[in-house]
Structure formats: structure tokens, C-alpha cells
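Engineer: My structure is in model00.cif, and what it holds is mmCIF, C-alpha atoms:
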data_protein
#
loop_
_atom_site.label_atom_id
_atom_site.label_comp_id
_atom_site.auth_asym_id
_atom_site.auth_seq_id
_atom_site.Cartn_x
_atom_site.Cartn_y
_atom_site.Cartn_z
CA MET A 1 4.67 60.14 -21.49
CA ILE A 2 2.79 63.40 -20.87
CA LEU A 3 -0.51 63.65 -22.71
CA SER A 4 -1.05 66.33 -25.34
CA ASP A 5 -4.24 68.37 -25.58
CA ARG A 6 -5.42 65.94 -28.26
CA ASP A 7 -4.94 62.93 -25.93
CA ILE A 8 -6.44 64.70 -22.90
CA LYS A 9 -9.61 65.32 -24.98
CA LYS A 10 -9.60 61.69 -26.13
CA GLU A 11 -9.32 60.37 -22.56
CA LEU A 12 -11.96 62.82 -21.31
CA LYS A 13 -14.36 61.48 -23.94
CA ALA A 14 -13.51 57.89 -22.89
CA LYS A 15 -14.02 58.87 -19.20
CA GLU A 16 -10.47 57.77 -18.34
CA ILE A 17 -9.89 61.38 -17.18
CA THR A 18 -12.59 63.43 -15.44
CA ILE A 19 -12.52 67.17 -14.83
CA LYS A 20 -15.55 68.82 -13.18
CA PRO A 21 -16.35 71.50 -14.08
CA TYR A 22 -14.65 71.33 -17.47
CA LYS A 23 -14.09 74.40 -19.65
CA ALA A 24 -12.57 73.96 -23.11
CA GLU A 25 -10.71 77.29 -22.83
CA CYS A 26 -8.68 75.92 -19.89
CA LEU A 27 -7.10 73.19 -22.00
CA GLN A 28 -3.44 74.01 -22.72
CA PRO A 29 -1.04 72.23 -25.16
CA ALA A 30 -0.12 69.55 -22.58
CA SER A 31 -2.11 70.37 -19.42
CA TYR A 32 -5.36 71.74 -18.05
CA ASP A 33 -5.52 75.01 -16.06
CA VAL A 34 -7.01 74.56 -12.58
CA HIS A 35 -8.38 77.15 -10.18
CA LEU A 36 -8.49 77.97 -6.47
CA ASP A 37 -11.53 77.08 -4.35
CA ARG A 38 -12.56 79.08 -1.26
CA HIS A 39 -11.62 76.62 1.51
CA PHE A 40 -8.37 76.82 3.50
CA LEU A 41 -6.75 75.34 6.59
CA VAL A 42 -4.09 77.22 8.56
CA PHE A 43 -2.05 76.18 11.58
CA ASN A 44 -3.69 77.02 14.87
CA THR A 45 -0.59 78.41 16.59
CA ASN A 46 -2.59 79.72 19.54
CA GLN A 47 -3.27 76.20 20.79
CA ASN A 48 -0.26 74.24 19.46
CA PHE A 49 3.44 74.67 20.12
CA VAL A 50 4.71 71.52 18.38
CA ILE A 51 3.57 69.02 15.73
CA ASP A 52 3.90 65.35 16.58
CA PRO A 53 3.37 63.27 13.39
CA ARG A 54 2.51 60.24 15.57
CA ASP A 55 -0.28 62.02 17.42
CA ILE A 56 -1.70 64.94 15.47
CA SER A 57 -4.06 67.02 17.59
CA LYS A 58 -7.60 67.62 16.36
CA ASP A 59 -7.15 71.38 16.72
CA LEU A 60 -3.84 71.56 14.81
CA MET A 61 -5.47 73.48 11.96
CA LYS A 62 -8.41 75.85 11.71
CA LYS A 63 -10.76 76.43 8.78
CA ILE A 64 -11.01 79.65 6.83
CA ASP A 65 -13.47 80.17 3.96
CA ILE A 66 -13.36 83.20 1.71
CA THR A 67 -16.08 84.79 -0.42
CA LYS A 68 -15.91 85.61 -4.12
CA SER A 69 -14.80 89.18 -3.35
CA GLU A 70 -12.71 88.59 -0.22
CA PRO A 71 -9.09 87.39 -0.72
CA PHE A 72 -7.13 84.93 1.37
CA ILE A 73 -3.88 86.62 2.44
CA LEU A 74 -0.79 84.42 2.61
CA HIS A 75 1.97 86.16 4.54
CA PRO A 76 5.71 85.69 3.87
CA GLY A 77 6.93 82.36 5.22
CA GLU A 78 3.36 81.26 5.92
CA PHE A 79 1.94 77.85 5.00
CA ALA A 80 -1.71 77.00 4.36
CA LEU A 81 -3.69 74.18 2.82
CA GLY A 82 -6.10 75.04 0.04
CA VAL A 83 -8.02 73.00 -2.50
CA LEU A 84 -8.71 73.07 -6.23
CA LEU A 85 -12.07 74.24 -7.51
CA GLU A 86 -12.05 71.39 -10.03
CA GLU A 87 -12.49 67.75 -9.14
CA THR A 88 -10.02 65.75 -11.23
CA GLY A 89 -9.90 62.00 -11.60
CA VAL A 90 -7.96 59.36 -13.48
CA SER A 91 -8.62 55.70 -14.26
CA ASP A 92 -6.33 52.79 -13.45
CA LYS A 93 -4.16 53.50 -16.51
CA LEU A 94 -3.26 57.15 -15.79
CA VAL A 95 -1.80 59.46 -13.17
CA GLY A 96 -2.04 63.23 -12.83
CA ARG A 97 0.61 65.76 -11.86
CA LEU A 98 -0.21 69.16 -10.43
CA GLU A 99 2.24 71.90 -11.40
CA GLY A 100 2.41 75.55 -10.43
CA LYS A 101 1.82 78.44 -12.80
CA SER A 102 4.95 80.32 -13.81
CA SER A 103 3.25 83.69 -13.30
CA LEU A 104 2.51 82.85 -9.65
CA GLY A 105 5.92 81.30 -9.07
CA ARG A 106 7.41 84.64 -10.11
CA LEU A 107 5.44 86.21 -7.24
CA GLY A 108 6.93 83.75 -4.74
CA LEU A 109 3.96 81.36 -4.51
CA ILE A 110 4.63 77.63 -4.19
CA ILE A 111 1.41 75.63 -4.62
CA HIS A 112 2.61 72.23 -3.43
CA THR A 113 5.59 71.35 -1.30
CA THR A 114 5.53 67.60 -2.04
CA ALA A 115 2.07 66.29 -2.87
CA GLY A 116 1.26 67.18 -6.46
CA PHE A 117 0.53 63.58 -7.50
CA LEU A 118 -2.91 62.24 -8.45
CA ASP A 119 -2.90 58.45 -7.98
CA ALA A 120 -4.44 56.09 -10.51
CA GLY A 121 -8.05 55.45 -9.55
CA ASN A 122 -8.58 58.55 -7.44
CA SER A 123 -10.95 61.44 -8.12
CA LEU A 124 -10.88 64.45 -5.83
CA LYS A 125 -10.31 68.16 -5.42
CA MET A 126 -6.56 68.08 -4.97
CA THR A 127 -5.15 69.70 -1.87
CA LEU A 128 -2.79 72.64 -2.35
CA GLU A 129 0.16 73.08 0.01
CA LEU A 130 0.51 76.84 -0.32
CA PHE A 131 3.69 78.61 0.74
CA ASN A 132 4.69 82.23 0.28
CA ALA A 133 8.44 82.19 -0.39
CA GLY A 134 8.51 85.93 -1.07
CA LYS A 135 8.87 88.89 1.27
CA ILE A 136 5.48 90.52 0.62
CA PRO A 137 1.99 89.18 1.52
CA LEU A 138 0.06 87.63 -1.39
CA LYS A 139 -3.67 87.94 -2.02
CA LEU A 140 -5.27 84.74 -3.31
CA TYR A 141 -8.77 84.91 -4.80
CA TYR A 142 -11.57 82.39 -5.22
CA GLY A 143 -11.61 81.08 -8.79
CA MET A 144 -8.20 82.45 -9.79
CA PRO A 145 -5.94 80.23 -11.95
CA ILE A 146 -3.64 78.46 -9.47
CA GLY A 147 -1.96 75.62 -11.36
CA GLN A 148 -2.09 73.14 -14.17
CA MET A 149 -2.77 69.41 -14.29
CA ALA A 150 -0.69 67.23 -16.59
CA PHE A 151 -1.57 63.59 -17.22
CA GLU A 152 0.61 60.56 -17.95
CA TYR A 153 -0.04 56.97 -18.99
CA LEU A 154 1.19 54.17 -16.74
CA SER A 155 3.28 51.41 -18.34
CA SER A 156 0.20 49.19 -17.80
CA PRO A 157 -3.06 49.57 -15.85
CA CYS A 158 -2.35 49.25 -12.13
CA GLU A 159 -3.52 46.17 -10.22
CA ARG A 160 -4.74 48.08 -7.17
CA PRO A 161 -6.07 51.58 -7.91
CA TYR A 162 -6.12 54.16 -5.11
CA GLY A 163 -8.84 53.22 -2.64
CA SER A 164 -8.45 49.46 -3.15
CA LYS A 165 -8.77 47.20 -0.11
CA GLY A 166 -5.52 46.94 1.83
CA LEU A 167 -4.09 50.24 0.57
CA ASN A 168 -3.61 53.10 2.99
CA SER A 169 -5.74 55.49 0.88
CA LYS A 170 -6.26 58.29 3.38
CA TYR A 171 -7.39 61.03 1.00
CA LEU A 172 -9.78 59.21 -1.35
CA GLY A 173 -12.35 61.54 -2.91
CA ASP A 174 -11.53 64.62 -0.79
CA THR A 175 -13.53 67.74 -1.63
CA LYS A 176 -12.09 70.09 1.01
CA PRO A 177 -8.55 70.52 2.32
CA GLU A 178 -7.69 67.81 4.82
CA ALA A 179 -5.08 68.13 7.55
CA SER A 180 -2.29 65.55 7.64
CA LYS A 181 -3.30 61.99 8.47
CA MET A 182 0.30 60.84 8.99
CA HIS A 183 -0.59 59.58 12.47
CA LEU A 184 -2.63 56.79 10.82
CA ASN A 185 0.63 55.33 9.44
CA PHE A 186 1.98 55.03 12.98
CA GLN A 187 -1.24 53.43 14.23
CA LYS A 188 -1.08 50.86 11.42
CA SER A 189 2.57 50.03 12.26
CA LYS A 190 1.66 49.74 15.95
CA LYS A 191 -1.17 47.28 15.20
CA LYS A 192 1.18 45.13 13.09
CA SER A 193 3.82 44.97 15.82
CA LEU A 194 1.18 44.09 18.44
CA SER A 195 -0.13 41.21 16.32
CA LYS A 196 3.34 39.59 16.06
#
Could I get this file's structure written as C-alpha cells?

Structural biologist:
Amino acid sequence: MILSDRDIKKELKAKEITIKPYKAECLQPASYDVHLDRHFLVFNTNQNFVIDPRDISKDLMKKIDITKSEPFILHPGEFALGVLLEETGVSDKLVGRLEGKSSLGRLGLIIHTTAGFLDAGNSLKMTLELFNAGKIPLKLYYGMPIGQMAFEYLSSPCERPYGSKGLNSKYLGDTKPEASKMHLNFQKSKKKSLSK
């Protein structure tokens, strides 16, 4: 069940949901408006000709930071990682879902291709998987509204929140965009097969 504004405020007060910084005017009927930070990662195509999920090169992506007045330009068909300005967190009884803003979707901007899920127990600046599906470059500005977070109750509090021992919690507490850590899944599988 998606939480209403009333329940989001209740869970914020109980510290079951955290939003930093929090601004009351960003609370919507069933979500909270979130904004774009200034940190980005883009593919380093000058030094990479293929992506191997089993062995991701250290120079696969390069960092770009923008200023308050300087936009980040996302070209048609281009993909970049960004990050939310707000740090959002949920306790072991809730999850969060990041959704795009309709006004930006109408300009061709997709803010996450698959990973809009905030796991129970995690608190971080969620990574944005930005894609320009339009035919014209888009300017993205520091602090602009970029999406909305909705929150849902779990059927019961989870036994092992994100970050618990034994979980493959690769993005716990991130504050800047992180490149894919998929290769760690292959390393874990390799270690298991070697121990048999």
C-alpha cells in the first residue's frame, strides 16, 4: 500500500523514513519531490569499446560535476548516471520507489531504466539512470526537481535489512553515483564453485 502524505509525515516523525534535507513544500499527496545533485558519471568511450559485466574496467566511466549555474547536457540516445540531492532512507518495515516526473517524461527524459527501488534498511542518495529518449539535447540543472519518492509498507518487517551480513549489498549508503558492481556477483559465484 502506497503511503499518503499523512502517513509519510507520521513515519518521518517516527524516523521510519528519513529525508535529508526535508522541505515541507516538497511533500505531495502520495510522494515526496526529489531533486538532482551535481555529480554524474558518463561512459568513457575513448578508452572502452565493450562492456564485460564479469570484468568491469576501472576506467569504464568518468566523473563530471556541474556548478549551480552550469547545466549537464544529456544528448539524444545518451546514458548517464546521476544522483539525488536528497538522502532518503527507510526502516526494515518500508521500501521506497523512485518515479519520474511527468513534466520531464514529456521532454523525453527517463530517470531510471531499472533501479528505482529503495531496499528496506538502506539510506542513500539514490542513483539516477538518466536516458534521453528524445531527439533534442536536454539541459539538466543542479537542484531541479527530477523525480518523486513513494513509500510502501512491507507485509511484515524484513528479517535481513539491506546491508545485513551475508547479503550482497553493493550500494549501501552511497552518496555519489556509483558505476555498476555487477562483476562482484561473478566473483562471488566463482568463489562458491571453487569451494565445492

Engineer: Once you count only C-alpha atoms, what closest atom pair and distance in Å to one decimal does each residue of range 40-96 of chain A within 12 Å of range 157-161 of chain A have, with rows by chain and rising residue number, as CSV?

Structural biologist:
residue,atom,partner,partner_atom,distance
A:Gly89,CA,A:Pro161,CA,11.7
A:Val90,CA,A:Pro161,CA,9.8
A:Ser91,CA,A:Pro161,CA,8.0
A:Asp92,CA,A:Pro157,CA,5.2
A:Lys93,CA,A:Pro157,CA,4.1
A:Leu94,CA,A:Pro157,CA,7.6
A:Val95,CA,A:Cys158,CA,10.3

Engineer: Can those selected residues be exported to a file as a tab-separated table (two decimals), in the frame of the given file so that it contains C-alpha atoms?

Structural biologist:
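Okay, this is what ended up in out-v9.tsv:
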chain	number	residue	atom	x	y	z
A	89	GLY	CA	-9.90	62.00	-11.60
A	90	VAL	CA	-7.96	59.36	-13.48
A	91	SER	CA	-8.62	55.70	-14.26
A	92	ASP	CA	-6.33	52.79	-13.45
A	93	LYS	CA	-4.16	53.50	-16.51
A	94	LEU	CA	-3.26	57.15	-15.79
A	95	VAL	CA	-1.80	59.46	-13.17

Engineer: For range 151-155 of chain A, find every residue with an atom within 12 Å (counting all atoms listed in the file), except residues of its own chain fewer than 4 positions away, and show them as number ranges by chain.

Structural biologist: A: 1-9, 11-12, 16-19, 28-32, 88-99, 116-121, 159, 161

Engineer: Can you turn the PyMOL selection byres ((chain A and resi 179) around 12) into a concrete residue list for this file, as a VMD selection string?

Structural biologist: chain A and resid 40 to 44 51 53 56 to 63 80 to 83 127 to 129 170 to 171 174 176 to 178 180 to 183

Engineer: Distance CA of Glu78 in chain A-CA of Lys125 in chain A, one decimal place?

Structural biologist: 22.1 Å

Engineer: Residues picked by the PyMOL selection byres ((chain A and resi 68) around 10) here, as an MDAnalysis selection string?

Structural biologist: chainID A and resid 37:38 66:67 69:71 141:143

Engineer: One decimal, Å: what's the distance from CA of Ile136 in chain A over to CA of Glu86 in chain A, could you say?

Structural biologist: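 Rounded to one decimal, the two atoms are 28.0 Å apart.
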
Engineer: Please write as a PyMOL selection string the full residue list that the PyMOL selection byres ((chain A and resi 173) around 6) yields on this file.

Structural biologist: chain A and resi 123-124+172+174

Engineer: Suppose you want the space between CA of Gly100 in chain A and CA of Ser156 in chain A; what is it in Å?

Structural biologist: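 We find that CA of Gly100 in chain A and CA of Ser156 in chain A lie 27.5 Å from each other.
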
Engineer: Return the single residue from A:Lys139, A:Lys23, A:Lys101, A:Lys13 that is closest to His75 in chain A, with distances computed using only C-alpha atoms.

Structural biologist: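 The closest residue to His75 in chain A is A:Lys139.
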
Engineer: Please write N, CA, C and O atoms of range 106-132 of chain A, from the structure given just now, as a short mmCIF file (atom, residue, chain, number, x, y, z; two decimals), in the first residue's frame.

Structural biologist:
data_model
loop_
_atom_site.label_atom_id
_atom_site.label_comp_id
_atom_site.auth_asym_id
_atom_site.auth_seq_id
_atom_site.Cartn_x
_atom_site.Cartn_y
_atom_site.Cartn_z
N ARG A 106 7.68 14.01 -20.51
CA ARG A 106 7.13 14.62 -21.74
C ARG A 106 8.21 15.30 -22.57
O ARG A 106 8.00 15.66 -23.72
N LEU A 107 9.39 15.48 -21.97
CA LEU A 107 10.54 16.03 -22.70
C LEU A 107 11.48 14.92 -23.19
O LEU A 107 12.50 15.19 -23.80
N GLY A 108 11.13 13.67 -22.88
CA GLY A 108 11.92 12.53 -23.33
C GLY A 108 12.90 12.00 -22.30
O GLY A 108 13.69 11.11 -22.60
N LEU A 109 12.86 12.52 -21.06
CA LEU A 109 13.82 12.10 -20.04
C LEU A 109 13.31 10.90 -19.25
O LEU A 109 12.23 10.94 -18.67
N ILE A 110 14.11 9.85 -19.23
CA ILE A 110 13.86 8.69 -18.38
C ILE A 110 14.87 8.78 -17.24
O ILE A 110 16.08 8.93 -17.49
N ILE A 111 14.40 8.70 -15.98
CA ILE A 111 15.34 8.90 -14.86
C ILE A 111 15.86 7.60 -14.26
O ILE A 111 16.82 7.62 -13.50
N HIS A 112 15.20 6.48 -14.54
CA HIS A 112 15.79 5.20 -14.14
C HIS A 112 15.35 4.13 -15.11
O HIS A 112 14.19 4.03 -15.47
N THR A 113 16.31 3.35 -15.56
CA THR A 113 15.99 2.30 -16.53
C THR A 113 15.50 1.04 -15.83
O THR A 113 14.64 0.35 -16.35
N THR A 114 16.04 0.72 -14.65
CA THR A 114 15.54 -0.43 -13.89
C THR A 114 15.59 -0.23 -12.39
O THR A 114 14.83 -0.85 -11.68
N ALA A 115 16.48 0.59 -11.88
CA ALA A 115 16.78 0.59 -10.45
C ALA A 115 16.16 1.75 -9.70
O ALA A 115 16.86 2.60 -9.18
N GLY A 116 14.85 1.76 -9.58
CA GLY A 116 14.18 2.80 -8.83
C GLY A 116 13.69 2.33 -7.48
O GLY A 116 12.76 2.88 -6.92
N PHE A 117 14.34 1.30 -6.92
CA PHE A 117 13.85 0.64 -5.71
C PHE A 117 14.78 0.93 -4.54
O PHE A 117 15.99 0.74 -4.64
N LEU A 118 14.23 1.42 -3.44
CA LEU A 118 14.98 1.65 -2.21
C LEU A 118 14.67 0.51 -1.25
O LEU A 118 13.56 0.39 -0.76
N ASP A 119 15.68 -0.33 -1.00
CA ASP A 119 15.50 -1.51 -0.15
C ASP A 119 15.29 -1.14 1.31
O ASP A 119 15.86 -0.16 1.80
N ALA A 120 14.51 -1.97 1.99
CA ALA A 120 14.31 -1.82 3.43
C ALA A 120 15.65 -1.82 4.13
O ALA A 120 16.50 -2.67 3.88
N GLY A 121 15.88 -0.82 4.99
CA GLY A 121 17.11 -0.74 5.76
C GLY A 121 18.20 0.11 5.13
O GLY A 121 19.21 0.37 5.78
N ASN A 122 18.01 0.56 3.91
CA ASN A 122 19.05 1.37 3.27
C ASN A 122 18.73 2.85 3.38
O ASN A 122 17.57 3.25 3.44
N SER A 123 19.78 3.65 3.42
CA SER A 123 19.66 5.11 3.39
C SER A 123 20.78 5.62 2.51
O SER A 123 21.95 5.34 2.77
N LEU A 124 20.43 6.32 1.45
CA LEU A 124 21.43 6.77 0.49
C LEU A 124 20.86 7.86 -0.41
O LEU A 124 19.68 8.16 -0.36
N LYS A 125 21.76 8.43 -1.22
CA LYS A 125 21.33 9.31 -2.30
C LYS A 125 21.16 8.39 -3.50
O LYS A 125 22.14 7.89 -4.06
N MET A 126 19.93 8.13 -3.88
CA MET A 126 19.66 7.15 -4.92
C MET A 126 20.29 7.56 -6.25
O MET A 126 20.29 8.72 -6.63
N THR A 127 20.83 6.54 -6.93
CA THR A 127 21.43 6.76 -8.23
C THR A 127 20.34 6.88 -9.30
O THR A 127 19.36 6.14 -9.28
N LEU A 128 20.53 7.81 -10.20
CA LEU A 128 19.63 8.02 -11.33
C LEU A 128 20.28 7.42 -12.57
O LEU A 128 21.46 7.65 -12.83
N GLU A 129 19.52 6.66 -13.33
CA GLU A 129 19.99 6.11 -14.61
C GLU A 129 19.31 6.94 -15.71
O GLU A 129 18.21 6.64 -16.14
N LEU A 130 19.96 8.01 -16.08
CA LEU A 130 19.38 9.03 -16.96
C LEU A 130 19.53 8.64 -18.43
O LEU A 130 20.63 8.31 -18.87
N PHE A 131 18.43 8.75 -19.16
CA PHE A 131 18.46 8.45 -20.59
C PHE A 131 17.60 9.45 -21.33
O PHE A 131 16.45 9.71 -20.95
N ASN A 132 18.14 10.03 -22.38
CA ASN A 132 17.40 10.96 -23.22
C ASN A 132 16.80 10.18 -24.39
O ASN A 132 17.50 9.83 -25.34
#
